[in-house]
Structures are given as C-alpha cells and as structure tokens.
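Source file: structure.cif (mmCIF, C-alpha atoms and all ligand atoms)
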```
data_protein
loop_
_atom_site.label_atom_id
_atom_site.label_comp_id
_atom_site.auth_asym_id
_atom_site.auth_seq_id
_atom_site.Cartn_x
_atom_site.Cartn_y
_atom_site.Cartn_z
CA MET R 229 0.00 0.00 0.00
CA LYS R 230 2.86 2.35 0.86
CA LYS R 231 4.29 1.67 -2.55
CA PHE R 232 0.98 2.60 -4.16
CA PHE R 233 1.00 6.02 -2.46
CA LYS R 234 4.61 6.59 -3.41
CA ILE R 235 3.88 5.83 -7.06
CA THR R 236 0.74 8.01 -7.05
CA PHE R 237 2.66 10.88 -5.43
CA ALA R 238 5.49 10.56 -7.95
CA ALA R 239 3.05 10.49 -10.87
CA LEU R 240 1.17 13.55 -9.63
CA SER R 241 4.42 15.43 -9.07
CA LEU R 242 5.52 14.60 -12.61
CA VAL R 243 2.23 15.85 -14.07
CA LEU R 244 2.48 19.03 -12.00
CA LEU R 245 6.07 19.59 -13.09
CA ALA R 246 5.24 18.86 -16.74
CA GLY R 247 2.66 21.66 -16.65
CA TYR R 248 5.35 24.11 -15.57
CA LEU R 249 7.69 23.01 -18.34
CA ILE R 250 5.27 23.83 -21.15
CA PRO R 251 6.53 27.14 -22.52
CA GLU R 252 4.24 30.17 -22.54
CA ARG R 253 4.14 32.60 -25.41
CA LYS R 254 3.06 36.19 -25.51
CA ALA R 255 0.24 37.15 -27.83
CA MET R 256 -2.47 39.80 -27.72
CA PRO R 257 -5.95 38.27 -27.21
CA CYS R 258 -7.20 41.01 -29.55
CA CYS R 259 -6.49 44.42 -30.98
CA ARG R 260 -3.06 46.07 -30.69
CA PRO R 261 -0.83 46.53 -27.65
CA SER R 262 -1.62 50.26 -27.82
CA ASP R 263 -5.29 49.42 -27.21
CA TYR R 264 -4.81 48.12 -23.73
CA ASN R 265 -5.23 50.29 -20.71
CA HIS R 266 -1.86 50.31 -18.99
CA GLN R 267 -3.48 51.81 -15.90
CA SER R 268 -5.96 48.99 -15.48
CA PHE R 269 -3.79 46.19 -14.12
CA TRP R 270 -4.63 44.61 -10.84
CA HIS R 271 -1.01 44.82 -9.84
CA TRP R 272 1.58 47.48 -9.37
CA PRO R 273 0.76 50.35 -9.42
CA TRP R 274 -2.50 49.44 -7.71
CA THR R 275 -5.62 50.70 -9.34
CA ARG R 276 -9.16 50.82 -8.05
CA GLY R 277 -11.98 49.28 -9.96
CA GLU R 278 -15.64 49.50 -9.07
CA ALA R 279 -16.51 50.16 -5.42
CA GLY R 280 -12.85 50.60 -4.49
CA HIS R 281 -11.98 46.98 -5.28
CA PRO R 282 -8.72 46.45 -7.09
CA HIS R 283 -9.18 45.58 -10.75
CA THR R 284 -8.36 41.94 -11.55
CA GLY R 285 -7.06 42.15 -15.09
CA VAL R 286 -6.31 44.39 -18.00
CA ASP R 287 -8.90 46.00 -20.26
CA ILE R 288 -8.23 45.90 -23.98
CA PHE R 289 -10.42 48.27 -25.96
CA GLY R 290 -11.69 47.76 -29.49
CA LYS R 291 -14.76 47.57 -31.69
CA VAL R 292 -17.62 45.21 -30.89
CA GLY R 293 -17.16 42.09 -32.99
CA THR R 294 -13.35 42.25 -33.19
CA LYS R 295 -12.09 38.70 -32.95
CA VAL R 296 -10.66 37.56 -29.63
CA VAL R 297 -8.06 34.80 -29.74
CA SER R 298 -6.62 32.56 -27.07
CA GLN R 299 -3.41 34.06 -25.72
CA THR R 300 -2.09 30.55 -25.13
CA GLY R 301 -2.69 26.94 -26.07
CA GLY R 302 -4.76 25.01 -23.56
CA ILE R 303 -8.04 23.45 -22.55
CA VAL R 304 -11.25 25.48 -22.46
CA LEU R 305 -12.72 25.05 -18.97
CA PHE R 306 -15.62 27.44 -19.38
CA ALA R 307 -17.29 29.09 -22.34
CA GLY R 308 -20.58 30.90 -22.11
CA GLU R 309 -22.62 33.24 -20.00
CA TYR R 310 -21.30 34.02 -16.52
CA GLY R 311 -23.82 36.74 -16.01
CA GLY R 312 -23.24 39.54 -13.50
CA LYS R 313 -20.32 41.88 -14.04
CA ALA R 314 -18.45 39.41 -16.21
CA GLY R 315 -21.04 38.92 -18.94
CA ASN R 316 -20.00 36.32 -21.50
CA GLY R 317 -16.64 34.73 -20.87
CA VAL R 318 -14.10 32.08 -21.74
CA VAL R 319 -11.60 30.47 -19.34
CA VAL R 320 -8.63 28.57 -20.75
CA LEU R 321 -6.29 26.41 -18.66
CA GLY R 322 -2.86 27.06 -20.18
CA PRO R 323 0.80 26.20 -19.52
CA LYS R 324 2.06 26.40 -15.93
CA TRP R 325 -1.48 25.65 -14.68
CA ARG R 326 -2.56 29.22 -15.30
CA LEU R 327 -6.14 30.18 -16.03
CA HIS R 328 -6.62 32.80 -18.72
CA MET R 329 -9.96 34.63 -18.53
CA TYR R 330 -11.58 36.65 -21.30
CA LEU R 331 -14.69 38.57 -20.24
CA HIS R 332 -17.38 40.94 -21.61
CA LEU R 333 -17.42 39.01 -24.91
CA HIS R 334 -20.02 39.67 -27.59
CA THR R 335 -20.04 36.11 -28.92
CA VAL R 336 -18.42 33.00 -27.48
CA ASP R 337 -16.95 30.91 -30.29
CA THR R 338 -15.60 27.89 -28.46
CA LYS R 339 -16.87 25.22 -26.09
CA ALA R 340 -15.83 23.85 -22.70
CA GLY R 341 -13.62 20.78 -23.07
CA ARG R 342 -12.13 21.87 -26.36
CA PHE R 343 -8.38 22.16 -26.91
CA VAL R 344 -7.36 25.52 -28.34
CA ARG R 345 -4.16 26.52 -30.09
CA PRO R 346 -2.49 29.87 -29.39
CA GLU R 347 -4.20 32.56 -31.47
CA GLU R 348 -7.24 30.40 -32.16
CA GLN R 349 -10.47 32.42 -32.11
CA ILE R 350 -12.51 31.92 -28.94
CA GLY R 351 -14.97 34.79 -29.24
CA THR R 352 -15.51 38.39 -30.20
CA LEU R 353 -15.03 41.63 -28.28
CA GLY R 354 -18.19 43.01 -26.73
CA LYS R 355 -20.04 44.97 -24.08
CA SER R 356 -21.58 42.21 -21.96
CA GLY R 357 -21.71 42.40 -18.16
CA ASN R 358 -20.59 45.70 -16.67
CA ALA R 359 -18.89 46.66 -19.96
CA ALA R 360 -22.37 47.77 -21.03
CA LYS R 361 -21.59 51.04 -19.25
CA THR R 362 -18.06 51.48 -20.67
CA PRO R 363 -16.46 51.53 -24.12
CA ALA R 364 -16.39 47.97 -25.55
CA HIS R 365 -13.45 45.94 -24.28
CA VAL R 366 -12.10 42.54 -23.35
CA HIS R 367 -11.19 42.08 -19.72
CA TYR R 368 -8.19 39.75 -19.70
CA GLY R 369 -7.14 38.24 -16.38
CA VAL R 370 -4.64 35.54 -15.40
CA ILE R 371 -5.03 33.34 -12.33
CA THR R 372 -2.90 30.63 -10.78
CA PRO R 373 -4.95 28.00 -8.94
CA ILE R 374 -1.72 27.00 -7.17
CA PRO R 375 -1.12 29.90 -4.73
CA TYR R 376 2.10 31.90 -4.90
CA VAL R 377 2.35 32.17 -1.13
CA TRP R 378 5.32 34.56 -1.11
CA ARG R 379 3.14 37.21 -2.75
CA LEU R 380 0.95 37.40 0.33
CA PHE R 381 3.57 39.69 1.83
CA GLN R 382 4.11 41.83 -1.25
CA ASN R 383 3.15 45.38 -0.55
CA GLU R 384 4.45 47.59 -3.31
CA GLY R 385 2.93 50.44 -5.22
CA THR R 386 1.45 53.75 -4.32
CA CYS R 387 -2.21 52.81 -3.95
CA ASN R 388 -2.25 49.74 -1.71
CA PRO R 389 -5.29 47.51 -1.70
CA PRO R 390 -6.99 46.75 1.59
CA VAL R 391 -5.07 44.15 3.60
CA TRP R 392 -7.89 41.64 3.27
CA PHE R 393 -7.30 41.71 -0.49
CA ASN R 394 -3.69 40.66 -0.13
CA TRP R 395 -4.49 36.97 -0.03
CA ARG R 396 -5.89 37.28 -3.56
CA LEU R 397 -2.44 38.38 -4.68
CA MET R 398 -1.39 34.76 -4.34
CA PHE R 399 -3.76 33.86 -7.15
CA TRP R 400 -4.12 36.86 -9.44
CA LEU R 401 -1.17 37.51 -11.74
CA ASP R 402 -0.22 40.61 -13.64
CA PRO R 403 -1.64 40.11 -17.15
CA ALA R 404 1.05 42.51 -18.46
CA ASP R 405 3.53 39.67 -18.05
CA HIS R 406 1.50 37.74 -20.62
CA LEU R 407 1.10 40.42 -23.27
CA PRO R 408 3.66 41.76 -25.71
CA SER R 409 4.81 45.28 -24.80
CA LYS R 410 4.68 46.67 -28.34
ZN ZN J 501 -11.72 45.01 -16.62
#
```
Could you render the structure from this file as structure tokens?
Amino acid sequence: MKKFFKITFAALSLVLLAGYLIPERKAMPCCRPSDYNHQSFWHWPWTRGEAGHPHTGVDIFGKVGTKVVSQTGGIVLFAGEYGGKAGNGVVVLGPKWRLHMYLHLHTVDTKAGRFVRPEEQIGTLGKSGNAAKTPAHVHYGVITPIPYVWRLFQNEGTCNPPVWFNWRLMFWLDPADHLPSK
C-alpha cells in the first residue's frame, strides 16, 4: 500500500512539473498593444476598480465584434454566460497551470472541453456584463490555482489595496507579463 501512495505521489508530481515546463508565449488576445489600458492592471501600481476593489485584469479596448483569440494553447474550462459583471466569458487552462480569462465578450466561439491553439479564435469583443456602461473591451485576467504564497507579503505600489485583499495576490497575476509590450 505504501508503494501505491509513493507511485501516485510521484506520478502527480511529474504531471504538476510537466505543466510548468510547457513554454508560454506572448500574444495579444485582440487588438493592438496600444489598445490596452496600462493603468488597469490589478497589480503594481495598484488601481481601483468598481466600489474601491482592485481591478483583476487588463482592459483591452476595441470595436464590438473584433475577434478575440486565445493568448495561449490550452483546454477550455468554461465558455458561455457568466452573467453579473463578467457577462460572457471564456476560461482557458494554459501552460504552468494558469487560467486565462476573457470577459465581456459579444459572442463565445468555443466550447468547454475543447483544446485551443495559441491565437485560435474563442470569441468576439463586446459589451456584456458591466462593460455595457463602458467603451467595448475585453477584460483579460490571469489566475494561478496554485497559490504563490510569497506574494501574500508583497506590498508595493502607491495605492495599496486593503489588507484583506492581499491573499488574492497569491492567485491573481499581472496580465502585463503575458502580453507583448509593443
Ligand atoms: Zn476590466
């Protein structure tokens, strides 16, 4: 029995490690790098979204109907209507076990369970959810389901979030790290 647990543990560790070894690539989900709001990251320097909550992604502005592509290869975990602030969205599990979220979509052009290639179309840019009140954009966020514990104690920037938000830092990543700079 001990041997069984050892083998299971080794296998799981290998799968986990393999996920981290898959290289990531930087691509714009849509539009041009100049169309993203550099002030909108939920990261340094801290910005406030609605109701004083830090913003959990980057907003990329464009015309309704502009195609939105997957930033990375991966498995579609969710595709459809979230409702609420998010509107229509797609979530892709990509390399390094990171979840890539695309929200406020006009149309969703993929399905849960499907494998997507980098730059494969997953939807179109829209105004669903709380984007109904703003210019049309894609909200692009990156999450790690495996917490980055060391980030709990990060406290940089000029506009610090409330302390009780710090734990979310372990999960929410700076989407700027996943987009080309030019
Ligand atoms: Zn947003």
Counting all atoms listed in the file, note down every residue that has an atom within 10 Å of the point (-15.5, 46.2, -22.5) (file coordinates), as a PDB file with C-alpha atoms, in the coordinates of the input.
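Written output follows (result_34.pdb):
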```
ATOM      1  CA  ASP R 287      -8.900  46.000 -20.260  1.00  0.00           C
ATOM      2  CA  ILE R 288      -8.230  45.900 -23.980  1.00  0.00           C
ATOM      3  CA  PHE R 289     -10.420  48.270 -25.960  1.00  0.00           C
ATOM      4  CA  GLY R 290     -11.690  47.760 -29.490  1.00  0.00           C
ATOM      5  CA  LYS R 291     -14.760  47.570 -31.690  1.00  0.00           C
ATOM      6  CA  VAL R 292     -17.620  45.210 -30.890  1.00  0.00           C
ATOM      7  CA  ALA R 314     -18.450  39.410 -16.210  1.00  0.00           C
ATOM      8  CA  GLY R 315     -21.040  38.920 -18.940  1.00  0.00           C
ATOM      9  CA  LEU R 331     -14.690  38.570 -20.240  1.00  0.00           C
ATOM     10  CA  HIS R 332     -17.380  40.940 -21.610  1.00  0.00           C
ATOM     11  CA  LEU R 333     -17.420  39.010 -24.910  1.00  0.00           C
ATOM     12  CA  HIS R 334     -20.020  39.670 -27.590  1.00  0.00           C
ATOM     13  CA  LEU R 353     -15.030  41.630 -28.280  1.00  0.00           C
ATOM     14  CA  GLY R 354     -18.190  43.010 -26.730  1.00  0.00           C
ATOM     15  CA  LYS R 355     -20.040  44.970 -24.080  1.00  0.00           C
ATOM     16  CA  SER R 356     -21.580  42.210 -21.960  1.00  0.00           C
ATOM     17  CA  GLY R 357     -21.710  42.400 -18.160  1.00  0.00           C
ATOM     18  CA  ASN R 358     -20.590  45.700 -16.670  1.00  0.00           C
ATOM     19  CA  ALA R 359     -18.890  46.660 -19.960  1.00  0.00           C
ATOM     20  CA  ALA R 360     -22.370  47.770 -21.030  1.00  0.00           C
ATOM     21  CA  LYS R 361     -21.590  51.040 -19.250  1.00  0.00           C
ATOM     22  CA  THR R 362     -18.060  51.480 -20.670  1.00  0.00           C
ATOM     23  CA  PRO R 363     -16.460  51.530 -24.120  1.00  0.00           C
ATOM     24  CA  ALA R 364     -16.390  47.970 -25.550  1.00  0.00           C
ATOM     25  CA  HIS R 365     -13.450  45.940 -24.280  1.00  0.00           C
ATOM     26  CA  VAL R 366     -12.100  42.540 -23.350  1.00  0.00           C
ATOM     27  CA  HIS R 367     -11.190  42.080 -19.720  1.00  0.00           C
TER      28      HIS R 367
END
```
Between R:Val286, R:Leu249, R:Ala340, R:Val320, which has the minimum distance to Leu401 (chain R) (counting only C-alpha atoms)?
R:Val286
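Going from CA of Arg260 (chain R) over to CA of Thr284 (chain R), you cover 20.3 Å.
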For CA of Ser262 (chain R) and CA of Thr335 (chain R), quote the distance in Å rounded to one decimal.
23.3 Å
CA of Gln299 (chain R) to CA of Lys254 (chain R), distance in Å rounded to a single decimal:
6.8 Å
